[in-house]
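Encoded as structure tokens, the structure appears first; notes follow it.
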Amino acid sequence: MAKTVKQVAKALKKKEKRDAFKKSFKDYFSFLGNAFTKGDWAVKSSLLVMGMGCFARKQILKGILITLVEICYILAMIVYVIPNLAKFGTLGTEKFSQTFDPLTMTTTVNDYDNSFLILLNSIIGIFLIFCFILYYIGNLRRAYALQVRAEQGKHINTFKEDLREMLGNRFHITMLTLPAMGVVLMNILPILVLVAIAFTNYDQGHMPPNDLFTWVGWINFKNLFVGQSMTITFSYAFWRILIWTLVWSFLATFTCFIGGILLAKLINGKGVKFPKMWRTLFIIAIAVPQFVTLLLVRNFFGDQGIVNTICSNIGLTDWLKHIGILGSSYSYIPFLTKPGWAHVMIILINIWVGVPYQMLIATGVLMNAPEDQMESARIDGATNRQIFWKITMPYVMVVQGPALITDFVKNINNFNVIYLLTQDVYVTTNQQLANSNAKEVDLLVTWLFRLTNEYYNYKMASVIGIIVFIICVVFTLVSYSRVMAGGREEDYQ
């Protein structure tokens with residue numbers, strides 16, 4: 001019955017949110033429609049001169065600033081946006097060329113097109129148009145709101161009063177303006193450029209400024225998913241790397257998560273001596289920079305590393321040959337140089353690197369575990385194992401659920417562990433993977449990095465980047481909505 005009541009309450013809450021959203025959406029466009037139909041001369045004049053709504057209500061300085069923004073936008077359109085958008089369809093037609101004049105001993109360079117700059121500037125221009133449209137609509141609504149206030153006899157703020165309000169009641173909006181602009185410049189615009197490049201043939205053979213690239217539509221996506229060729233097999237590499245990426249992300253996340261909880265329970269157990277000493281040792285492991293640890297471990301487990309030397313001396317290498325796990329041609333254990341071995345070792349090394357950090361987090365979570373529920377369970381005869389799985393773990397999942405989702409997404413993009421352990425060590429023997437500049441141990445993100453940094457195949461790297469983005473977004477939204485929909489937080493309060 002309690003579950004039914006909770007479900008009904010959640011359903012009502014969702015319905016209230018939907019109704020509120022629909023109402024606000026309807027009110028917004030209703031108000032905008034009234035501005036067109038019921039606006040006075042000042043409101044309708046602001047369709048041409050944006051500051052007229054403020055001028056008519058004696059907000060002179062504010063009107064001047066709004067009009068200046070409009071003038072700057074018009075100038076930007078004439079000087080910057082329109083010239084670039086005119087070439088956006090072709091991404092340039094004039095190739096780079098230079099002519100040497102032996103009489104004057106000078107080199108003349110033609111007025112060539114740079115496809116990348118055209119693409120970048122066009123996207124910025126489209127973004128400016130979109131932002132100005134929103135600003136234009138907002139200004140029209142603001143002008144009509146001033147008219148309504150004037151008709152109702154309400155006070156209309158002066159510029160000083162608006163400024164004082166921006167530094168007072170609306171100070172949070174003022175402070176968030178610069179961070180929001182930073183998000184747009186550093187995140188949104190690069191994503192838009194990434195998406196656009198995925199539909200071009202931008203690679204080493206079409207490299208600006210010496211050459212041009214152009215639009216090719218969905219060919220790159222087709223090549224990644226279903227395309228096959230004798231020399232380039234991106235689809236073959238993609239599906240194998242995608243499966244390994246998801247397997248790696250799952251194992252890397254949950255081995256460290258479970259290992260951290262078990263280690264925290266072990267160290268904080270009543271029968272363990274010197275818990276502070278053990279906790280300190282693991283914290284020291286966290287303090288060492290991860291790239292230092294990974295590079296050292298890579299050398300330890302190299303074909304000629306110290307671990308292989310020890311294994312050979314104690315006869316482990318020969319024993320593995322004898323039972324058929326290791327080929328007879330090997331004089332070492334290929335910890336990081338052979339498929340299978342390398343996959344397992346990468347996961348094991350990641351456990352060594354990641355468990356101490358998870359242990360530290362789990363320690364803080366377990367310190368706040370519901371002791372009253374555990375004590376009640378003990379009185380009812382529950383064993384320690386039952387208490388752990390029925391009370392401790394559900395509580396940890398509620399508290400660490402969002403962090404667990406973040407860790408999974410982070411591991412999809414975990415560049416450091418894979419790259420530092422395998423770069424210049426692992427060489428693929430699979431020709432189809434090599435044709436696509438990939439390796440069996442690559443994640444999508446390391447493959448993307450290699451395509452851009454070593455082979456300048458920006459078009460396929462962009463397609464892979466989009467796929468990684470979609471996987472992360474879909475997993476995050478679905479998982480987070482399910483975690484937050486669990487509604488079990490109140491059970492532990």
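Simple scheme: letters A, B, ... for chains in structure tokens order, numbers from 1 for residues in each chain, numbers from 1 for ligands in the order shown.
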Each residue of region 312-352 of chain A lying at most 12 Å from region 285-305 of chain A should get a row with its shortest atom-to-atom pair and the distance in Å to one decimal, counting only C-alpha atoms; could you produce that, ordered by chain and increasing number, as a Markdown table?
| residue | atom | partner | partner_atom | distance |
| --- | --- | --- | --- | --- |
| A:Ser312 | CA | A:Gln304 | CA | 10.4 |
| A:Thr317 | CA | A:Asp303 | CA | 11.8 |
| A:Tyr330 | CA | A:Asp303 | CA | 9.9 |
| A:Ser331 | CA | A:Asp303 | CA | 8.9 |
| A:Tyr332 | CA | A:Asp303 | CA | 6.0 |
| A:Ile333 | CA | A:Asp303 | CA | 6.7 |
| A:Pro334 | CA | A:Asp303 | CA | 6.0 |
| A:Phe335 | CA | A:Phe301 | CA | 6.1 |
| A:Leu336 | CA | A:Gly302 | CA | 6.7 |
| A:Thr337 | CA | A:Asp303 | CA | 7.7 |
| A:Lys338 | CA | A:Asp303 | CA | 10.4 |
| A:Trp341 | CA | A:Phe301 | CA | 11.1 |
| A:Ala342 | CA | A:Phe301 | CA | 10.1 |
| A:Met345 | CA | A:Phe301 | CA | 9.0 |
| A:Ile346 | CA | A:Arg298 | CA | 9.8 |
| A:Leu348 | CA | A:Val297 | CA | 11.2 |
| A:Ile349 | CA | A:Val297 | CA | 7.9 |
| A:Asn350 | CA | A:Leu294 | CA | 9.0 |
| A:Ile351 | CA | A:Leu294 | CA | 11.8 |
| A:Trp352 | CA | A:Ala285 | CA | 9.1 |
Using backbone DSSP assignments, extract all alpha helix (DSSP H) residues from region 214-301 of chain A; output them as a PDB file with C-alpha atoms, in the first residue's frame.
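Below is the file that was written, selection_36.pdb:
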ATOM      1  CA  ILE A 219      29.366   8.950 -46.185  1.00  0.00           C
ATOM      2  CA  ASN A 220      31.624   9.040 -43.125  1.00  0.00           C
ATOM      3  CA  PHE A 221      28.876   7.621 -40.894  1.00  0.00           C
ATOM      4  CA  LYS A 222      28.176   4.915 -43.466  1.00  0.00           C
ATOM      5  CA  ASN A 223      31.870   3.993 -43.594  1.00  0.00           C
ATOM      6  CA  LEU A 224      32.018   3.788 -39.807  1.00  0.00           C
ATOM      7  CA  PHE A 225      28.969   1.565 -39.396  1.00  0.00           C
ATOM      8  CA  PHE A 234      36.608   1.495 -40.157  1.00  0.00           C
ATOM      9  CA  SER A 235      33.406  -0.457 -39.513  1.00  0.00           C
ATOM     10  CA  TYR A 236      35.420  -3.578 -38.612  1.00  0.00           C
ATOM     11  CA  ALA A 237      37.508  -1.568 -36.147  1.00  0.00           C
ATOM     12  CA  PHE A 238      34.586   0.456 -34.801  1.00  0.00           C
ATOM     13  CA  TRP A 239      32.424  -2.429 -33.597  1.00  0.00           C
ATOM     14  CA  ARG A 240      35.334  -4.189 -31.907  1.00  0.00           C
ATOM     15  CA  ILE A 241      36.566  -1.038 -30.207  1.00  0.00           C
ATOM     16  CA  LEU A 242      33.001  -0.088 -29.171  1.00  0.00           C
ATOM     17  CA  ILE A 243      32.476  -3.487 -27.487  1.00  0.00           C
ATOM     18  CA  TRP A 244      35.825  -3.267 -25.694  1.00  0.00           C
ATOM     19  CA  THR A 245      35.064   0.330 -24.628  1.00  0.00           C
ATOM     20  CA  LEU A 246      31.755  -0.693 -23.035  1.00  0.00           C
ATOM     21  CA  VAL A 247      33.258  -3.826 -21.412  1.00  0.00           C
ATOM     22  CA  TRP A 248      36.179  -1.801 -20.092  1.00  0.00           C
ATOM     23  CA  SER A 249      33.906   0.957 -18.752  1.00  0.00           C
ATOM     24  CA  PHE A 250      31.671  -1.531 -16.945  1.00  0.00           C
ATOM     25  CA  LEU A 251      34.518  -3.556 -15.420  1.00  0.00           C
ATOM     26  CA  ALA A 252      36.686  -0.525 -14.585  1.00  0.00           C
ATOM     27  CA  THR A 253      33.764   1.166 -12.842  1.00  0.00           C
ATOM     28  CA  PHE A 254      32.342  -1.719 -10.839  1.00  0.00           C
ATOM     29  CA  THR A 255      35.586  -3.474  -9.908  1.00  0.00           C
ATOM     30  CA  CYS A 256      36.889  -0.265  -8.358  1.00  0.00           C
ATOM     31  CA  PHE A 257      33.498   0.527  -6.818  1.00  0.00           C
ATOM     32  CA  ILE A 258      33.018  -2.884  -5.194  1.00  0.00           C
ATOM     33  CA  GLY A 259      36.723  -3.142  -4.344  1.00  0.00           C
ATOM     34  CA  GLY A 260      36.665   0.245  -2.648  1.00  0.00           C
ATOM     35  CA  ILE A 261      33.636  -0.685  -0.537  1.00  0.00           C
ATOM     36  CA  LEU A 262      35.079  -4.050   0.500  1.00  0.00           C
ATOM     37  CA  LEU A 263      38.441  -2.490   1.314  1.00  0.00           C
ATOM     38  CA  ALA A 264      36.758   0.225   3.375  1.00  0.00           C
ATOM     39  CA  LYS A 265      34.701  -2.387   5.252  1.00  0.00           C
ATOM     40  CA  LEU A 266      37.848  -4.444   5.856  1.00  0.00           C
ATOM     41  CA  ILE A 267      39.957  -1.546   7.146  1.00  0.00           C
ATOM     42  CA  PRO A 275      43.326   0.919  10.613  1.00  0.00           C
ATOM     43  CA  LYS A 276      44.762   4.450  10.398  1.00  0.00           C
ATOM     44  CA  MET A 277      48.086   3.092   9.169  1.00  0.00           C
ATOM     45  CA  TRP A 278      46.437   1.011   6.425  1.00  0.00           C
ATOM     46  CA  ARG A 279      44.217   3.899   5.394  1.00  0.00           C
ATOM     47  CA  THR A 280      47.238   6.208   5.227  1.00  0.00           C
ATOM     48  CA  LEU A 281      49.162   3.796   3.002  1.00  0.00           C
ATOM     49  CA  PHE A 282      46.333   3.728   0.480  1.00  0.00           C
ATOM     50  CA  ILE A 283      45.946   7.509   0.623  1.00  0.00           C
ATOM     51  CA  ILE A 284      49.669   7.833  -0.205  1.00  0.00           C
ATOM     52  CA  ALA A 285      48.977   5.717  -3.301  1.00  0.00           C
ATOM     53  CA  ILE A 286      46.397   8.343  -4.334  1.00  0.00           C
ATOM     54  CA  ALA A 287      48.881  11.172  -3.760  1.00  0.00           C
ATOM     55  CA  GLN A 290      48.563   8.731 -11.864  1.00  0.00           C
ATOM     56  CA  PHE A 291      50.716   9.128 -14.960  1.00  0.00           C
ATOM     57  CA  VAL A 292      53.848   8.349 -12.900  1.00  0.00           C
ATOM     58  CA  THR A 293      52.264   5.184 -11.514  1.00  0.00           C
ATOM     59  CA  LEU A 294      51.074   4.039 -14.953  1.00  0.00           C
ATOM     60  CA  LEU A 295      54.442   4.628 -16.632  1.00  0.00           C
ATOM     61  CA  LEU A 296      56.253   2.741 -13.871  1.00  0.00           C
ATOM     62  CA  VAL A 297      53.821  -0.149 -14.033  1.00  0.00           C
ATOM     63  CA  ARG A 298      54.159  -0.227 -17.827  1.00  0.00           C
ATOM     64  CA  ASN A 299      57.921  -0.650 -17.453  1.00  0.00           C
ATOM     65  CA  PHE A 300      57.492  -3.293 -14.731  1.00  0.00           C
TER      66      PHE A 300
END
Polymer residues at most 12 Å from Ile191 (chain A), only C-alpha atoms, same-chain spacing of 3 or more positions, as a PDB file with N, CA and C atoms, in the first residue's frame:
ATOM      1  N   LEU A 120      34.362  27.425 -39.526  1.00  0.00           N
ATOM      2  CA  LEU A 120      34.329  27.953 -38.167  1.00  0.00           C
ATOM      3  C   LEU A 120      33.584  29.284 -38.111  1.00  0.00           C
ATOM      4  N   ILE A 123      29.790  28.889 -38.629  1.00  0.00           N
ATOM      5  CA  ILE A 123      29.091  28.368 -37.448  1.00  0.00           C
ATOM      6  C   ILE A 123      28.951  29.455 -36.391  1.00  0.00           C
ATOM      7  N   ILE A 124      30.012  30.243 -36.212  1.00  0.00           N
ATOM      8  CA  ILE A 124      29.919  31.372 -35.273  1.00  0.00           C
ATOM      9  C   ILE A 124      28.861  32.349 -35.751  1.00  0.00           C
ATOM     10  N   VAL A 183      30.969  28.601 -21.137  1.00  0.00           N
ATOM     11  CA  VAL A 183      30.441  27.299 -21.551  1.00  0.00           C
ATOM     12  C   VAL A 183      30.140  27.297 -23.044  1.00  0.00           C
ATOM     13  N   VAL A 184      29.555  28.395 -23.525  1.00  0.00           N
ATOM     14  CA  VAL A 184      29.226  28.490 -24.950  1.00  0.00           C
ATOM     15  C   VAL A 184      30.496  28.443 -25.795  1.00  0.00           C
ATOM     16  N   LEU A 185      31.501  29.244 -25.415  1.00  0.00           N
ATOM     17  CA  LEU A 185      32.725  29.344 -26.212  1.00  0.00           C
ATOM     18  C   LEU A 185      33.581  28.084 -26.127  1.00  0.00           C
ATOM     19  N   MET A 186      33.635  27.459 -24.949  1.00  0.00           N
ATOM     20  CA  MET A 186      34.540  26.335 -24.746  1.00  0.00           C
ATOM     21  C   MET A 186      33.888  24.975 -24.997  1.00  0.00           C
ATOM     22  N   ASN A 187      32.545  24.900 -24.932  1.00  0.00           N
ATOM     23  CA  ASN A 187      31.869  23.606 -25.072  1.00  0.00           C
ATOM     24  C   ASN A 187      30.931  23.541 -26.275  1.00  0.00           C
ATOM     25  N   ILE A 188      29.990  24.467 -26.349  1.00  0.00           N
ATOM     26  CA  ILE A 188      28.936  24.362 -27.369  1.00  0.00           C
ATOM     27  C   ILE A 188      29.491  24.586 -28.771  1.00  0.00           C
ATOM     28  N   LEU A 194      32.640  20.196 -34.370  1.00  0.00           N
ATOM     29  CA  LEU A 194      32.881  18.751 -34.454  1.00  0.00           C
ATOM     30  C   LEU A 194      31.806  18.071 -35.302  1.00  0.00           C
ATOM     31  N   VAL A 195      30.553  18.419 -35.052  1.00  0.00           N
ATOM     32  CA  VAL A 195      29.444  17.819 -35.804  1.00  0.00           C
ATOM     33  C   VAL A 195      29.560  18.172 -37.277  1.00  0.00           C
ATOM     34  N   ALA A 196      29.883  19.431 -37.576  1.00  0.00           N
ATOM     35  CA  ALA A 196      29.977  19.858 -38.978  1.00  0.00           C
ATOM     36  C   ALA A 196      31.103  19.132 -39.714  1.00  0.00           C
ATOM     37  N   ILE A 197      32.263  18.974 -39.065  1.00  0.00           N
ATOM     38  CA  ILE A 197      33.403  18.315 -39.715  1.00  0.00           C
ATOM     39  C   ILE A 197      33.084  16.855 -40.053  1.00  0.00           C
ATOM     40  N   ALA A 198      32.207  16.231 -39.266  1.00  0.00           N
ATOM     41  CA  ALA A 198      31.834  14.835 -39.533  1.00  0.00           C
ATOM     42  C   ALA A 198      31.154  14.665 -40.882  1.00  0.00           C
ATOM     43  N   SER A 462      35.835  13.001 -35.984  1.00  0.00           N
ATOM     44  CA  SER A 462      34.631  13.754 -35.613  1.00  0.00           C
ATOM     45  C   SER A 462      33.428  12.836 -35.497  1.00  0.00           C
ATOM     46  N   VAL A 463      33.312  11.890 -36.423  1.00  0.00           N
ATOM     47  CA  VAL A 463      32.207  10.934 -36.361  1.00  0.00           C
ATOM     48  C   VAL A 463      32.297  10.114 -35.075  1.00  0.00           C
ATOM     49  N   GLY A 465      33.800  11.009 -32.340  1.00  0.00           N
ATOM     50  CA  GLY A 465      33.505  11.924 -31.244  1.00  0.00           C
ATOM     51  C   GLY A 465      32.016  12.091 -31.023  1.00  0.00           C
ATOM     52  N   ILE A 466      31.245  12.162 -32.104  1.00  0.00           N
ATOM     53  CA  ILE A 466      29.787  12.277 -31.994  1.00  0.00           C
ATOM     54  C   ILE A 466      29.201  11.016 -31.367  1.00  0.00           C
ATOM     55  N   VAL A 468      30.697   8.892 -29.329  1.00  0.00           N
ATOM     56  CA  VAL A 468      31.050   8.891 -27.901  1.00  0.00           C
ATOM     57  C   VAL A 468      30.130   9.833 -27.129  1.00  0.00           C
ATOM     58  N   PHE A 469      29.880  11.002 -27.698  1.00  0.00           N
ATOM     59  CA  PHE A 469      29.006  11.984 -27.049  1.00  0.00           C
ATOM     60  C   PHE A 469      27.597  11.428 -26.874  1.00  0.00           C
ATOM     61  N   ILE A 470      27.067  10.793 -27.915  1.00  0.00           N
ATOM     62  CA  ILE A 470      25.710  10.239 -27.844  1.00  0.00           C
ATOM     63  C   ILE A 470      25.639   9.129 -26.801  1.00  0.00           C
TER      64      ILE A 470
END
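What separates CA of Thr363 (chain A) from CA of Asn268 (chain A) is a distance of 7.9 Å.
The neighbours of Val216 (chain A) here are the residues that come within 8 Å of it, using only C-alpha atoms and leaving out any residue fewer than 6 positions away in the same chain; they are Phe199, Thr200 and Asn201 of chain A.
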